[in-house]
Amino acid sequence: MKKILYRALPLLLILCLLCPMTAFADTGGSGNIDGGGGGMGSGTATNTWSPGNEGVRVTVVRASDHAVVTTPIDITNKPPSSSIYNFGKVSKLQYSNGAGLTPVKGGYVSIKPTQTIPKIISTNGSNNIPAIKSYFTDEQVIRSIANITGMNYDILIGGEYKILLEPIAYYKFEGNMFATTATEAAMYDEQVSGLLRSRMQSLTHKNLPLAMFLEVIDLGYPAWGGSKSSPASDADIKSSLGLGIVRFTEKPEGLQIDAYDYEYRVNTDVITAVRVSGGQSDPDRPTRVSFNIGGQSYSVGNVYYPEGDSQLAWAKWRTPDTEQSMTIQVTVSGPGSTAKTTLNVKIVDLGENPPRNPVADDRNDSFHVAAVPSREIKTTASWGVWQPWWQEYWVWHSTGENSGYWCDHGWWEFDLNRYSASLSASMGIKCDDKNPTASGRAMKSGYGINQTVIGSISSSQSSAVTQPQTAVSYFPEFGYETYWRLLERMGPGRFEFQKNNYSTYKNRTHFSPIWMPDGAYTVNTWLMDGWTPDGMLSANLTDSLTIRGNLWQDWHIGPKKP
């Protein structure tokens with residue numbers, strides 16, 4: 001997203017090329033370059049410069065630590081004599097890091113490129129930045145630079161390196177021909193106590209340094225905000241002028257999907273989530289996730305995330321009412337890339353294994369008390385949703401006196417909206433209402449118990465969660481396995497035993513076996529199927545009553561009636 005405000009109506013739309021564009025490795029690079037300049041003034045026979053006697057010093061730099069990784073090269077359409085005075089192949093970065101300035105006569109090497117370089121140094125106040133950007137971000141030019149510097153092209157454009165550009169002028173100073181970058185001219189001027197500025201000010205301190213400067217901060221150098229038409233000081237030239245940068249955005253890695261298989265219960269509202277990563281997804285380059293579930297498509301758009309991060313995407317759906325195995329096809333479509341994966345889903349019915357009917361002469365002489373087992377517990381969940389927003393950065397581009405345009409060189413920033421969910425749960429058992437001899441929380445074995453389970457999920461994104469939907473109770477007489485009871489939902493977050501077909505009154509009850517020994521009778525309930533984008537919330541609950549005696553003790557044999 002770039003925005004342009006025009007000040008002079010006659011400007012052609014092609015001036016948009018002045019806005020640097022983030023380019024991926026297979027399309028060249030993007031230029032952080034702007035420029036200015038103006039008239040040359042008058043010179044003397046021993047201090048002269050002719051338009052066209054110019055070039056560019058090219059240096060490959062590692063972006064992470066600004067280290068120079070190739071020997072700089074000078075390219076020019078008009079190679080000067082090798083006997084010219086020069087200061088070696090030293091880049092602005094190396095001078096900034098303390099390299100000294102030493103003039104050398106002769107031994108100068110420059111390269112004439114196959115593709116003609118556009119005009120670099122302006123003499124009339126109208127810069128040539130669009131052409132310069134177009135040239136130095138052209139794929140064939142970058143391939144040539146890689147070849148000359150000995151840099152592998154694919155590595156060069158991979159996002160870890162940048163190309164530093166410095167305009168060069170070839171001119172006569174005090175009767176001798178010199179080759180200098182703007183930085184070298186400023187440093188040499190300091191060595192000769194300002195004589196170079198005195199003799200060649202329009203070239204060395206105006207048109208040469210203003211031929212290129214940065215639009216935005218890069219490689220530790222600031223964007224130039226000073227005059228674009230007046231001579232600059234030596235200090236300003238060394239700190240801020242006479243450079244342009246070609247930068248590369250690493251080619252987005254292919255879209256990736258992190259997913260895992262699920263087990264769900266029948267007739268349950270569930271959430272299936274995957275995590276998407278790879279490159280950057282923003283409103284200019286959006287990502288969409290599609291879930292194909294049971295022949296129905298669930299599409300999730302506006303999946304955004306910054307470079308190097310990821311985003312959860314999820315679909316909420318209801319499982320079928322019969323046990324089965326399913327596959328879910330997930331397709332992720334992003335800018336220039338598509339990824340697919342398959343999830344394996346098992347749908348189970350927990351209501352098909354209730355305890356058998358207890359009878360009065362049941363025995364279990366080998367019974368021993370088992371420990372309540374550990375089950376999956378997850379009472380909190382957290383996730384985030386990236387929200388992109390556009391950071392404006394307006395840059396003025398002058399195209400002449402009182403004309404030009406503003407160009408928004410902004411970028412996408414991201415805020416992470418964090419969400420969470422928390423499960424609160426409790427259970428309670430009590431003696432059945434029809435138990436004639438119960439005393440508080442104590443009863444005889446063989447009688448029934450009632451149970452209530454309460455569960456609730458609170459969330460800062462309620463639309464992205466479900467309330468708990470399943471509660472299953474396990475009993476000590478079965479070692480907390482083998483048989484169980486699927487509780488019935490009585491309302492949002494409330495569960496009780498289903499009506500017992502073996503109960504005379506069809507109560508919601510569970511009968512303890514008559515052989516159950518005295519002591520604690522502990523019921524274990526697993527509350528689950530509270531779904532969030534971060535997985536299922538669940539709780540492992542217990543409650544106990546006390547067994548004292550058995551149902552037979554409430555029976556007696558009376559005298560036979562006459």
# chains A, B, ... in the order shown; residues from 1 in each chain; ligands from 1
>>> residues_around(residues="range 342-356 of chain A", least_positions_apart="6", cutoff="8 Å", atoms="only C-alpha atoms", output="PyMOL selection string")
chain A and resi 259-266+319-320+322-330+472+483-486
>>> closest_atom_pairs(of="range 238-334 of chain A", to="range 535-541 of chain A", cutoff="9 Å", atoms="only C-alpha atoms", output="tab-separated table")
residue	atom	partner	partner_atom	distance
A:Val270	CA	A:Met536	CA	8.8
A:Ile271	CA	A:Gly535	CA	7.8
A:Thr272	CA	A:Gly535	CA	8.3
A:Ala273	CA	A:Gly535	CA	7.9
>>> select_by_dssp(residues="range 442-511 of chain A", states="helix (DSSP H, G or I)", output="PyMOL selection string")
chain A and resi 462-464+476-478
>>> select_by_dssp(residues="range 109-314 of chain A", states="strand (DSSP E)", output="MDAnalysis selection string")
chainID A and resid 161:173 176:181 244:247 256:258 262:265 269:277 287:293 296:303 310:314
>>> residues_around(residues="Pro113 in chain A", least_positions_apart="2", cutoff="9 Å", atoms="only C-alpha atoms", output="ChimeraX atom specification")
/A:75-77,111,115-117,141,144
>>> residues_around(residues="Gly448 in chain A", least_positions_apart="5", cutoff="10 Å", atoms="only C-alpha atoms", output="compact mmCIF listing (two decimals) with C-alpha atoms, in the first residue's frame")
# COMPACT_ATOMS: atom_id res chain seq x y z
CA LYS A 430 -24.89 -37.09 47.40
CA CYS A 431 -26.99 -39.95 48.65
CA ASP A 432 -29.94 -40.69 46.39
CA ASP A 433 -33.15 -38.95 47.40
CA LYS A 434 -34.88 -42.35 47.65
CA ASN A 435 -32.26 -43.78 50.02
CA MET A 443 -24.89 -44.48 53.28
CA SER A 503 -34.13 -47.52 39.05
CA ASN A 507 -34.07 -41.63 39.07
CA ARG A 508 -30.86 -40.06 37.82
CA THR A 509 -28.86 -42.39 39.96
CA HIS A 510 -25.90 -44.73 40.10
CA PHE A 511 -26.11 -47.78 42.38
CA SER A 512 -23.09 -48.72 44.42
CA PRO A 513 -22.44 -52.48 44.53
>>> residues_around(residues="Asn47 in chain A", least_positions_apart="2", cutoff="8 Å", atoms="only C-alpha atoms", output="PDB file with N, CA and C atoms, in the first residue's frame")
ATOM      1  N   GLY A  43      34.531  27.588 -13.419  1.00  0.00           N
ATOM      2  CA  GLY A  43      35.744  26.921 -12.993  1.00  0.00           C
ATOM      3  C   GLY A  43      36.959  27.586 -13.611  1.00  0.00           C
ATOM      4  N   THR A  44      38.121  26.949 -13.462  1.00  0.00           N
ATOM      5  CA  THR A  44      39.364  27.449 -14.046  1.00  0.00           C
ATOM      6  C   THR A  44      39.983  26.331 -14.854  1.00  0.00           C
ATOM      7  N   ALA A  45      41.026  26.657 -15.591  1.00  0.00           N
ATOM      8  CA  ALA A  45      41.672  25.665 -16.450  1.00  0.00           C
ATOM      9  C   ALA A  45      42.292  24.542 -15.651  1.00  0.00           C
ATOM     10  N   TRP A  49      35.566  20.165 -14.303  1.00  0.00           N
ATOM     11  CA  TRP A  49      34.852  18.871 -14.410  1.00  0.00           C
ATOM     12  C   TRP A  49      33.912  18.955 -15.592  1.00  0.00           C
ATOM     13  N   TYR A 171      37.580  14.450 -12.052  1.00  0.00           N
ATOM     14  CA  TYR A 171      37.733  15.886 -12.271  1.00  0.00           C
ATOM     15  C   TYR A 171      39.195  16.307 -12.093  1.00  0.00           C
ATOM     16  N   LYS A 172      39.486  17.512 -12.601  1.00  0.00           N
ATOM     17  CA  LYS A 172      40.832  18.074 -12.479  1.00  0.00           C
ATOM     18  C   LYS A 172      40.853  19.038 -11.301  1.00  0.00           C
ATOM     19  N   PHE A 173      41.772  18.791 -10.376  1.00  0.00           N
ATOM     20  CA  PHE A 173      41.944  19.649  -9.206  1.00  0.00           C
ATOM     21  C   PHE A 173      43.404  20.076  -9.134  1.00  0.00           C
ATOM     22  N   GLU A 174      43.597  21.386  -9.190  1.00  0.00           N
ATOM     23  CA  GLU A 174      44.944  21.950  -9.177  1.00  0.00           C
ATOM     24  C   GLU A 174      45.830  21.305 -10.235  1.00  0.00           C
ATOM     25  N   GLY A 175      45.221  21.032 -11.391  1.00  0.00           N
ATOM     26  CA  GLY A 175      45.960  20.531 -12.529  1.00  0.00           C
ATOM     27  C   GLY A 175      46.124  19.034 -12.593  1.00  0.00           C
ATOM     28  N   ARG A 199      37.861  25.488  -4.598  1.00  0.00           N
ATOM     29  CA  ARG A 199      38.052  25.408  -6.031  1.00  0.00           C
ATOM     30  C   ARG A 199      36.882  24.712  -6.748  1.00  0.00           C
ATOM     31  N   MET A 200      36.295  23.696  -6.115  1.00  0.00           N
ATOM     32  CA  MET A 200      35.339  22.818  -6.820  1.00  0.00           C
ATOM     33  C   MET A 200      34.013  22.666  -6.061  1.00  0.00           C
TER      34      MET A 200
END
>>> residues_around(residues="Asp282 in chain A", least_positions_apart="4", cutoff="12 Å", atoms="only C-alpha atoms", output="list in words")
Met1, Pro286, Thr287, Arg288, Gly301, Asn302, Val303, Tyr304, Tyr305, Pro306, Glu307, Ser310, Gln311, Gly334, Pro335, Trp386, Gln387, Pro388, Trp389, Trp390, Trp411, Trp412, Glu413, Phe414 and Asp415 of chain A
>>> residues_around(residues="Tyr419 in chain A", least_positions_apart="5", cutoff="10 Å", atoms="only C-alpha atoms", output="list of chain:residue names")
A:Ala381, A:Ser382, A:Trp383, A:Gly384, A:Val385, A:Ser459, A:Ser460, A:Gln461, A:Ser462, A:Ala464, A:Pro533
>>> write_last_selection(atoms="N, CA and C atoms", output="PDB file, in the first residue's frame")
ATOM      1  N   ALA A 381      -6.403 -21.411  28.440  1.00  0.00           N
ATOM      2  CA  ALA A 381      -5.913 -21.387  27.061  1.00  0.00           C
ATOM      3  C   ALA A 381      -5.640 -19.935  26.682  1.00  0.00           C
ATOM      4  N   SER A 382      -4.699 -19.748  25.783  1.00  0.00           N
ATOM      5  CA  SER A 382      -4.395 -18.400  25.305  1.00  0.00           C
ATOM      6  C   SER A 382      -4.009 -18.462  23.838  1.00  0.00           C
ATOM      7  N   TRP A 383      -4.339 -17.433  23.118  1.00  0.00           N
ATOM      8  CA  TRP A 383      -4.005 -17.335  21.706  1.00  0.00           C
ATOM      9  C   TRP A 383      -3.985 -15.864  21.323  1.00  0.00           C
ATOM     10  N   GLY A 384      -3.487 -15.583  20.153  1.00  0.00           N
ATOM     11  CA  GLY A 384      -3.412 -14.202  19.702  1.00  0.00           C
ATOM     12  C   GLY A 384      -3.869 -14.077  18.261  1.00  0.00           C
ATOM     13  N   VAL A 385      -4.307 -12.891  17.917  1.00  0.00           N
ATOM     14  CA  VAL A 385      -4.707 -12.584  16.545  1.00  0.00           C
ATOM     15  C   VAL A 385      -3.954 -11.321  16.127  1.00  0.00           C
ATOM     16  N   SER A 459     -14.171 -16.197  28.639  1.00  0.00           N
ATOM     17  CA  SER A 459     -13.166 -15.891  27.616  1.00  0.00           C
ATOM     18  C   SER A 459     -13.275 -14.446  27.185  1.00  0.00           C
ATOM     19  N   SER A 460     -12.135 -13.872  26.806  1.00  0.00           N
ATOM     20  CA  SER A 460     -12.108 -12.525  26.255  1.00  0.00           C
ATOM     21  C   SER A 460     -12.472 -12.514  24.776  1.00  0.00           C
ATOM     22  N   GLN A 461     -12.674 -13.688  24.186  1.00  0.00           N
ATOM     23  CA  GLN A 461     -13.181 -13.805  22.813  1.00  0.00           C
ATOM     24  C   GLN A 461     -14.215 -14.926  22.812  1.00  0.00           C
ATOM     25  N   SER A 462     -15.384 -14.620  23.318  1.00  0.00           N
ATOM     26  CA  SER A 462     -16.398 -15.657  23.543  1.00  0.00           C
ATOM     27  C   SER A 462     -16.822 -16.344  22.252  1.00  0.00           C
ATOM     28  N   ALA A 464     -15.034 -17.424  20.028  1.00  0.00           N
ATOM     29  CA  ALA A 464     -14.021 -18.394  19.603  1.00  0.00           C
ATOM     30  C   ALA A 464     -13.939 -19.606  20.523  1.00  0.00           C
ATOM     31  N   PRO A 533      -9.407 -22.095  20.263  1.00  0.00           N
ATOM     32  CA  PRO A 533      -8.378 -22.215  19.221  1.00  0.00           C
ATOM     33  C   PRO A 533      -7.083 -22.832  19.733  1.00  0.00           C
TER      34      PRO A 533
END
>>> closest_residue(among="A:Glu488, A:Asp74, A:Asp529, A:Asp284", to="Ala169 in chain A", atoms="only C-alpha atoms")
A:Asp74
>>> atom_distance(atom1="CA of Asn450 in chain A", atom2="CA of Gln467 in chain A")
22.9 Å
>>> atom_distance(atom1="CA of Tyr95 in chain A", atom2="CA of Gly226 in chain A")
22.0 Å
